[in-house]
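Peer 1: Contents of model_14.cif (mmCIF, C-alpha atoms) are below:
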```cif
data_run
loop_
_atom_site.group_PDB
_atom_site.id
_atom_site.type_symbol
_atom_site.label_atom_id
_atom_site.label_comp_id
_atom_site.auth_asym_id
_atom_site.auth_seq_id
_atom_site.Cartn_x
_atom_site.Cartn_y
_atom_site.Cartn_z
ATOM 1 C CA MET L 1 -9.981 -7.002 1.211
ATOM 2 C CA LYS L 2 -13.405 -6.701 -0.314
ATOM 3 C CA LYS L 3 -14.359 -3.755 -2.513
ATOM 4 C CA ARG L 4 -16.891 -2.482 -0.010
ATOM 5 C CA GLN L 5 -14.037 -2.149 2.500
ATOM 6 C CA ARG L 6 -12.158 0.395 0.373
ATOM 7 C CA VAL L 7 -12.390 4.158 0.247
ATOM 8 C CA LYS L 8 -12.263 4.868 -3.485
ATOM 9 C CA LYS L 9 -14.000 8.131 -4.311
ATOM 10 C CA ASN L 10 -12.169 11.437 -4.085
ATOM 11 C CA GLU L 11 -15.058 12.995 -2.132
ATOM 12 C CA ASP L 12 -14.782 10.239 0.500
ATOM 13 C CA PHE L 13 -11.027 10.848 0.790
ATOM 14 C CA GLN L 14 -11.641 14.587 1.180
ATOM 15 C CA LYS L 15 -14.234 14.011 3.930
ATOM 16 C CA VAL L 16 -11.783 11.892 5.893
ATOM 17 C CA PHE L 17 -9.010 14.493 5.427
ATOM 18 C CA LYS L 18 -11.202 17.445 6.450
ATOM 19 C CA LYS L 19 -13.310 15.960 9.251
ATOM 20 C CA GLY L 20 -11.113 13.120 10.498
ATOM 21 C CA LYS L 21 -8.232 13.144 12.947
ATOM 22 C CA SER L 22 -4.679 12.325 11.921
ATOM 23 C CA PHE L 23 -2.053 10.300 13.721
ATOM 24 C CA ALA L 24 1.469 9.700 12.482
ATOM 25 C CA ASN L 25 4.862 8.141 12.965
ATOM 26 C CA ARG L 26 7.911 8.181 10.674
ATOM 27 C CA GLN L 27 6.485 5.723 8.137
ATOM 28 C CA PHE L 28 2.724 6.359 8.019
ATOM 29 C CA VAL L 29 0.035 8.971 8.541
ATOM 30 C CA VAL L 30 -3.388 7.569 9.450
ATOM 31 C CA TYR L 31 -6.567 9.633 9.164
ATOM 32 C CA CYS L 32 -9.578 8.264 11.072
ATOM 33 C CA LEU L 33 -13.200 9.345 10.658
ATOM 34 C CA PRO L 34 -16.027 7.759 12.692
ATOM 35 C CA LYS L 35 -19.108 6.701 10.676
ATOM 36 C CA GLU L 36 -22.070 5.531 12.743
ATOM 37 C CA ASP L 37 -24.032 4.020 9.843
ATOM 38 C CA GLN L 38 -21.242 1.583 8.869
ATOM 39 C CA SER L 39 -21.046 -2.053 9.914
ATOM 40 C CA GLU L 40 -17.437 -2.557 8.776
ATOM 41 C CA PHE L 41 -14.379 -0.357 8.413
ATOM 42 C CA ARG L 42 -13.162 1.049 5.089
ATOM 43 C CA VAL L 43 -9.546 1.733 4.146
ATOM 44 C CA GLY L 44 -8.124 4.159 1.606
ATOM 45 C CA LEU L 45 -4.456 4.041 0.611
ATOM 46 C CA SER L 46 -2.218 6.794 -0.693
ATOM 47 C CA VAL L 47 1.329 6.028 -1.779
ATOM 48 C CA GLY L 48 2.878 8.896 -3.738
ATOM 49 C CA LYS L 49 5.279 8.685 -6.646
ATOM 50 C CA LYS L 50 8.083 10.215 -4.589
ATOM 51 C CA ILE L 51 8.231 7.006 -2.539
ATOM 52 C CA GLY L 52 9.436 4.842 -5.394
ATOM 53 C CA LYS L 53 8.630 3.164 -8.660
ATOM 54 C CA ALA L 54 5.374 1.299 -9.273
ATOM 55 C CA VAL L 55 6.664 -2.036 -7.958
ATOM 56 C CA THR L 56 7.609 -0.482 -4.623
ATOM 57 C CA ARG L 57 4.330 1.423 -4.301
ATOM 58 C CA VAL L 58 2.224 -1.660 -5.052
ATOM 59 C CA GLN L 59 4.230 -3.705 -2.556
ATOM 60 C CA ILE L 60 3.601 -1.116 0.188
ATOM 61 C CA LYS L 61 -0.135 -1.170 -0.608
ATOM 62 C CA ARG L 62 -0.188 -4.969 -0.429
ATOM 63 C CA TYR L 63 1.551 -4.921 2.933
ATOM 64 C CA ILE L 64 -0.926 -2.360 4.318
ATOM 65 C CA ARG L 65 -3.940 -4.340 3.065
ATOM 66 C CA GLN L 66 -2.549 -7.537 4.593
ATOM 67 C CA VAL L 67 -1.987 -5.795 7.938
ATOM 68 C CA PHE L 68 -5.623 -4.639 7.994
ATOM 69 C CA LEU L 69 -6.737 -8.144 7.045
ATOM 70 C CA GLU L 70 -4.790 -9.615 9.970
ATOM 71 C CA LEU L 71 -6.014 -6.939 12.403
ATOM 72 C CA LYS L 72 -9.648 -6.917 11.257
ATOM 73 C CA ASP L 73 -10.921 -8.394 14.542
ATOM 74 C CA GLU L 74 -9.095 -5.786 16.633
ATOM 75 C CA ILE L 75 -9.869 -2.623 14.642
ATOM 76 C CA ARG L 76 -12.909 -0.449 15.314
ATOM 77 C CA LEU L 77 -15.488 -1.220 12.635
ATOM 78 C CA ASP L 78 -17.409 2.062 12.517
ATOM 79 C CA MET L 79 -14.546 4.038 10.943
ATOM 80 C CA ASP L 80 -13.057 5.139 7.642
ATOM 81 C CA TYR L 81 -9.254 5.049 7.534
ATOM 82 C CA VAL L 82 -6.936 6.716 5.042
ATOM 83 C CA ILE L 83 -3.304 5.624 5.242
ATOM 84 C CA ILE L 84 -0.607 7.750 3.667
ATOM 85 C CA ALA L 85 2.777 6.097 3.287
ATOM 86 C CA ARG L 86 5.839 8.237 3.883
ATOM 87 C CA HIS L 87 9.243 7.742 2.266
ATOM 88 C CA PRO L 88 10.762 5.462 4.965
ATOM 89 C CA ALA L 89 7.903 2.968 4.378
ATOM 90 C CA ALA L 90 9.639 1.897 1.151
ATOM 91 C CA THR L 91 12.447 0.220 3.102
ATOM 92 C CA LEU L 92 10.219 -1.851 5.419
ATOM 93 C CA ASP L 93 9.458 -5.533 5.098
ATOM 94 C CA PHE L 94 6.005 -6.889 5.998
ATOM 95 C CA HIS L 95 6.669 -7.447 9.706
ATOM 96 C CA GLU L 96 8.132 -3.968 10.162
ATOM 97 C CA THR L 97 5.159 -2.496 8.283
ATOM 98 C CA LYS L 98 2.746 -4.334 10.570
ATOM 99 C CA LYS L 99 4.567 -3.191 13.689
ATOM 100 C CA SER L 100 4.625 0.420 12.474
ATOM 101 C CA LEU L 101 0.930 0.456 11.542
ATOM 102 C CA GLU L 102 -0.041 -1.171 14.852
ATOM 103 C CA HIS L 103 1.900 1.582 16.614
ATOM 104 C CA VAL L 104 0.002 4.349 14.792
ATOM 105 C CA LEU L 105 -3.365 2.628 15.284
ATOM 106 C CA LYS L 106 -2.658 2.304 19.019
ATOM 107 C CA ILE L 107 -1.876 6.023 19.171
ATOM 108 C CA ALA L 108 -5.200 6.634 17.408
ATOM 109 C CA LYS L 109 -6.919 4.379 19.990
ATOM 110 C CA VAL L 110 -8.740 2.324 17.356
ATOM 111 C CA LEU L 111 -7.194 -1.055 18.228
ATOM 112 C CA ARG L 112 -8.954 -3.244 20.752
ATOM 113 C CA LYS L 113 -6.900 -5.257 23.194
ATOM 114 C CA LYS L 114 -6.223 -8.866 22.200
#
```
Hey, can you dump this file as structure tokens for me?

Peer 2:
Amino acid sequence: MKKRQRVKKNEDFQKVFKKGKSFANRQFVVYCLPKEDQSEFRVGLSVGKKIGKAVTRVQIKRYIRQVFLELKDEIRLDMDYVIIARHPAATLDFHETKKSLEHVLKIAKVLRKK
């Protein structure tokens, strides 16, 4: 993912938390905030230390980024997304992570039909 596709600043995270809507399942919480002036979506990731050691946390982040890369044509572009990984996410492989994130994004109604 390109740098312009990432939510990095704390103030941007806080905006998404305060003004956005949240959707969740057992593994992930997804906050979505519509932004009309954006031409492509941005993603922010939060994987806390309680989930595991650094290797595990980085692996979860990689999986999430790869899922968004694969779903980039189906996801609404005018949005900011913040994904928070929950503890069960540490036990998932890539395909399970993708399935779980697709489930949450469908609940949020931000995935277009294939």

Peer 1: Applied to the shown file, which residues does the PyMOL selection byres ((chain L and resi 94) around 9) return, written as a list of chain:residue names?

Peer 2: L:Ile60, L:Tyr63, L:Ile64, L:Gln66, L:Val67, L:Leu92, L:Asp93, L:His95, L:Glu96, L:Thr97, L:Lys98, L:Lys99

Peer 1: For the residues in that selection, give me C-alpha atoms as a PDB file, in the frame of the given file.

Peer 2:
```pdb
ATOM      1  CA  ILE L  60       3.601  -1.116   0.188  1.00  0.00           C
ATOM      2  CA  TYR L  63       1.551  -4.921   2.933  1.00  0.00           C
ATOM      3  CA  ILE L  64      -0.926  -2.360   4.318  1.00  0.00           C
ATOM      4  CA  GLN L  66      -2.549  -7.537   4.593  1.00  0.00           C
ATOM      5  CA  VAL L  67      -1.987  -5.795   7.938  1.00  0.00           C
ATOM      6  CA  LEU L  92      10.219  -1.851   5.419  1.00  0.00           C
ATOM      7  CA  ASP L  93       9.458  -5.533   5.098  1.00  0.00           C
ATOM      8  CA  HIS L  95       6.669  -7.447   9.706  1.00  0.00           C
ATOM      9  CA  GLU L  96       8.132  -3.968  10.162  1.00  0.00           C
ATOM     10  CA  THR L  97       5.159  -2.496   8.283  1.00  0.00           C
ATOM     11  CA  LYS L  98       2.746  -4.334  10.570  1.00  0.00           C
ATOM     12  CA  LYS L  99       4.567  -3.191  13.689  1.00  0.00           C
TER      13      LYS L  99
END
```

Peer 1: Neighbourhood query: residues within 12 Å of (-6.0, -8.4, 7.9), file coordinates, counting all atoms listed in the file; return as a ChimeraX atom specification.

Peer 2: /L:1-2,5,41,43,62-75,98,101-102

Peer 1: Please write the residues from the selection above to a file, keeping C-alpha atoms, as a compact mmCIF listing (two decimals), keeping the file's coordinate frame.

Peer 2:
```
# COMPACT_ATOMS: atom_id res chain seq x y z
CA MET L 1 -9.98 -7.00 1.21
CA LYS L 2 -13.40 -6.70 -0.31
CA GLN L 5 -14.04 -2.15 2.50
CA PHE L 41 -14.38 -0.36 8.41
CA VAL L 43 -9.55 1.73 4.15
CA ARG L 62 -0.19 -4.97 -0.43
CA TYR L 63 1.55 -4.92 2.93
CA ILE L 64 -0.93 -2.36 4.32
CA ARG L 65 -3.94 -4.34 3.06
CA GLN L 66 -2.55 -7.54 4.59
CA VAL L 67 -1.99 -5.80 7.94
CA PHE L 68 -5.62 -4.64 7.99
CA LEU L 69 -6.74 -8.14 7.04
CA GLU L 70 -4.79 -9.62 9.97
CA LEU L 71 -6.01 -6.94 12.40
CA LYS L 72 -9.65 -6.92 11.26
CA ASP L 73 -10.92 -8.39 14.54
CA GLU L 74 -9.10 -5.79 16.63
CA ILE L 75 -9.87 -2.62 14.64
CA LYS L 98 2.75 -4.33 10.57
CA LEU L 101 0.93 0.46 11.54
CA GLU L 102 -0.04 -1.17 14.85
```

Peer 1: Once 4 Å is added on each side, what centre and edge lengths in Å to one decimal does the axis-aligned box around all listed atoms of range 21-30 of chain L have, as JSON?

Peer 2:
```
{"center_x": -0.2, "center_y": 9.4, "center_z": 10.9, "size_x": 24.1, "size_y": 15.4, "size_z": 13.7}
```

Peer 1: Care to translate the PyMOL selection byres ((chain L and resi 89) around 10) into actual residues of this file, as a list in words?

Peer 2: Arg26, Gln27, Phe28, Val47, Ile51, Thr56, Arg57, Ile60, Ile84, Ala85, Arg86, His87, Pro88, Ala90, Thr91, Leu92, Asp93, Glu96, Thr97 and Ser100 of chain L

Peer 1: Can you measure CA of Phe23 in chain L to CA of Lys109 in chain L for me? One decimal in Å is fine.

Peer 2: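 Computed distance, CA of Phe23 in chain L to CA of Lys109 in chain L, equals 9.9 Å.
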
Peer 1: Please provide as an MDAnalysis selection string all residues within 10 Å of Pro34 in chain L, with the sequence filter that same-chain residues fewer than 2 positions apart are discarded (counting all atoms listed in the file).

Peer 2: chainID L and resid 16 19:21 32 36:38 41 76:81

Peer 1: Which residue is closest to Lys61 in chain L? Choose from L:Gly44, L:Leu33, L:Glu11, L:Arg4 and count only C-alpha atoms.

Peer 2: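 Once distances to Lys61 in chain L are computed over only C-alpha atoms, the minimum belongs to L:Gly44.
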
Peer 1: Tell me which protein, DNA and RNA residues are within 6 Å of Ile83 in chain L, counting only C-alpha atoms, leaving out same-chain ones fewer than 6 positions away, and put them as a list in words.

Peer 2: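 That gives Val29, Val30 and Leu45 of chain L.
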
Peer 1: Just to confirm, what's the straight-line distance from CA of Lys9 in chain L to CA of Lys35 in chain L in Å (one decimal)?

Peer 2: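 A separation of 15.9 Å between them.
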
Peer 1: Using all atoms listed in the file, pick whichever of L:Glu40, L:Val55, L:Tyr31, L:Lys15 has the shortest atom-to-atom distance to Lys3 in chain L.

Peer 2: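 With all atoms listed in the file as the atom set, the closest residue is L:Glu40.
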
Peer 1: Between CA of Asp12 in chain L and CA of Ser39 in chain L, measure the distance and give it in Å to one decimal.

Peer 2: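 Answer for the CA of Asp12 in chain L to CA of Ser39 in chain L separation: 16.7 Å.
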
Peer 1: Using all atoms listed in the file, which residue out of L:Leu111, L:Gly48, L:His103, L:Val82 lies closest to Ser22 in chain L?

Peer 2: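 Ranking L:Leu111, L:Gly48, L:His103, L:Val82 by distance to Ser22 in chain L, first place goes to L:Val82.
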
Peer 1: Given the choices L:Lys49, L:Leu105, L:Ala54, L:Arg42, which gets closest to Lys8 in chain L if the distance is worked out from all atoms listed in the file?

Peer 2: L:Arg42

Peer 1: Complete range 13-27 of chain L with N, CA and C atoms (output as a compact mmCIF listing (two decimals), keeping the file's coordinate frame).

Peer 2:
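Written file, result-v1.txt:
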```
# COMPACT_ATOMS: atom_id res chain seq x y z
N PHE L 13 -12.36 10.52 0.30
CA PHE L 13 -11.03 10.85 0.79
C PHE L 13 -11.03 12.25 1.40
N GLN L 14 -11.63 13.20 0.70
CA GLN L 14 -11.64 14.59 1.18
C GLN L 14 -12.39 14.73 2.50
N LYS L 15 -13.49 13.99 2.66
CA LYS L 15 -14.23 14.01 3.93
C LYS L 15 -13.35 13.54 5.08
N VAL L 16 -12.64 12.44 4.84
CA VAL L 16 -11.78 11.89 5.89
C VAL L 16 -10.67 12.88 6.22
N PHE L 17 -10.08 13.52 5.19
CA PHE L 17 -9.01 14.49 5.43
C PHE L 17 -9.52 15.70 6.21
N LYS L 18 -10.69 16.21 5.84
CA LYS L 18 -11.20 17.44 6.45
C LYS L 18 -11.80 17.23 7.83
N LYS L 19 -12.58 16.16 8.00
CA LYS L 19 -13.31 15.96 9.25
C LYS L 19 -12.64 14.97 10.20
N GLY L 20 -11.74 14.14 9.67
CA GLY L 20 -11.11 13.12 10.50
C GLY L 20 -9.92 13.65 11.27
N LYS L 21 -9.42 12.81 12.17
CA LYS L 21 -8.23 13.14 12.95
C LYS L 21 -7.05 12.37 12.39
N SER L 22 -5.87 12.99 12.45
CA SER L 22 -4.68 12.32 11.92
C SER L 22 -3.72 11.94 13.04
N PHE L 23 -3.05 10.83 12.81
CA PHE L 23 -2.05 10.30 13.72
C PHE L 23 -0.89 9.82 12.87
N ALA L 24 0.34 10.01 13.35
CA ALA L 24 1.47 9.70 12.48
C ALA L 24 2.66 9.16 13.26
N ASN L 25 3.51 8.45 12.52
CA ASN L 25 4.86 8.14 12.96
C ASN L 25 5.76 8.38 11.75
N ARG L 26 6.98 7.88 11.78
CA ARG L 26 7.91 8.18 10.67
C ARG L 26 7.47 7.58 9.34
N GLN L 27 6.81 6.43 9.38
CA GLN L 27 6.48 5.72 8.14
C GLN L 27 5.09 6.00 7.59
```
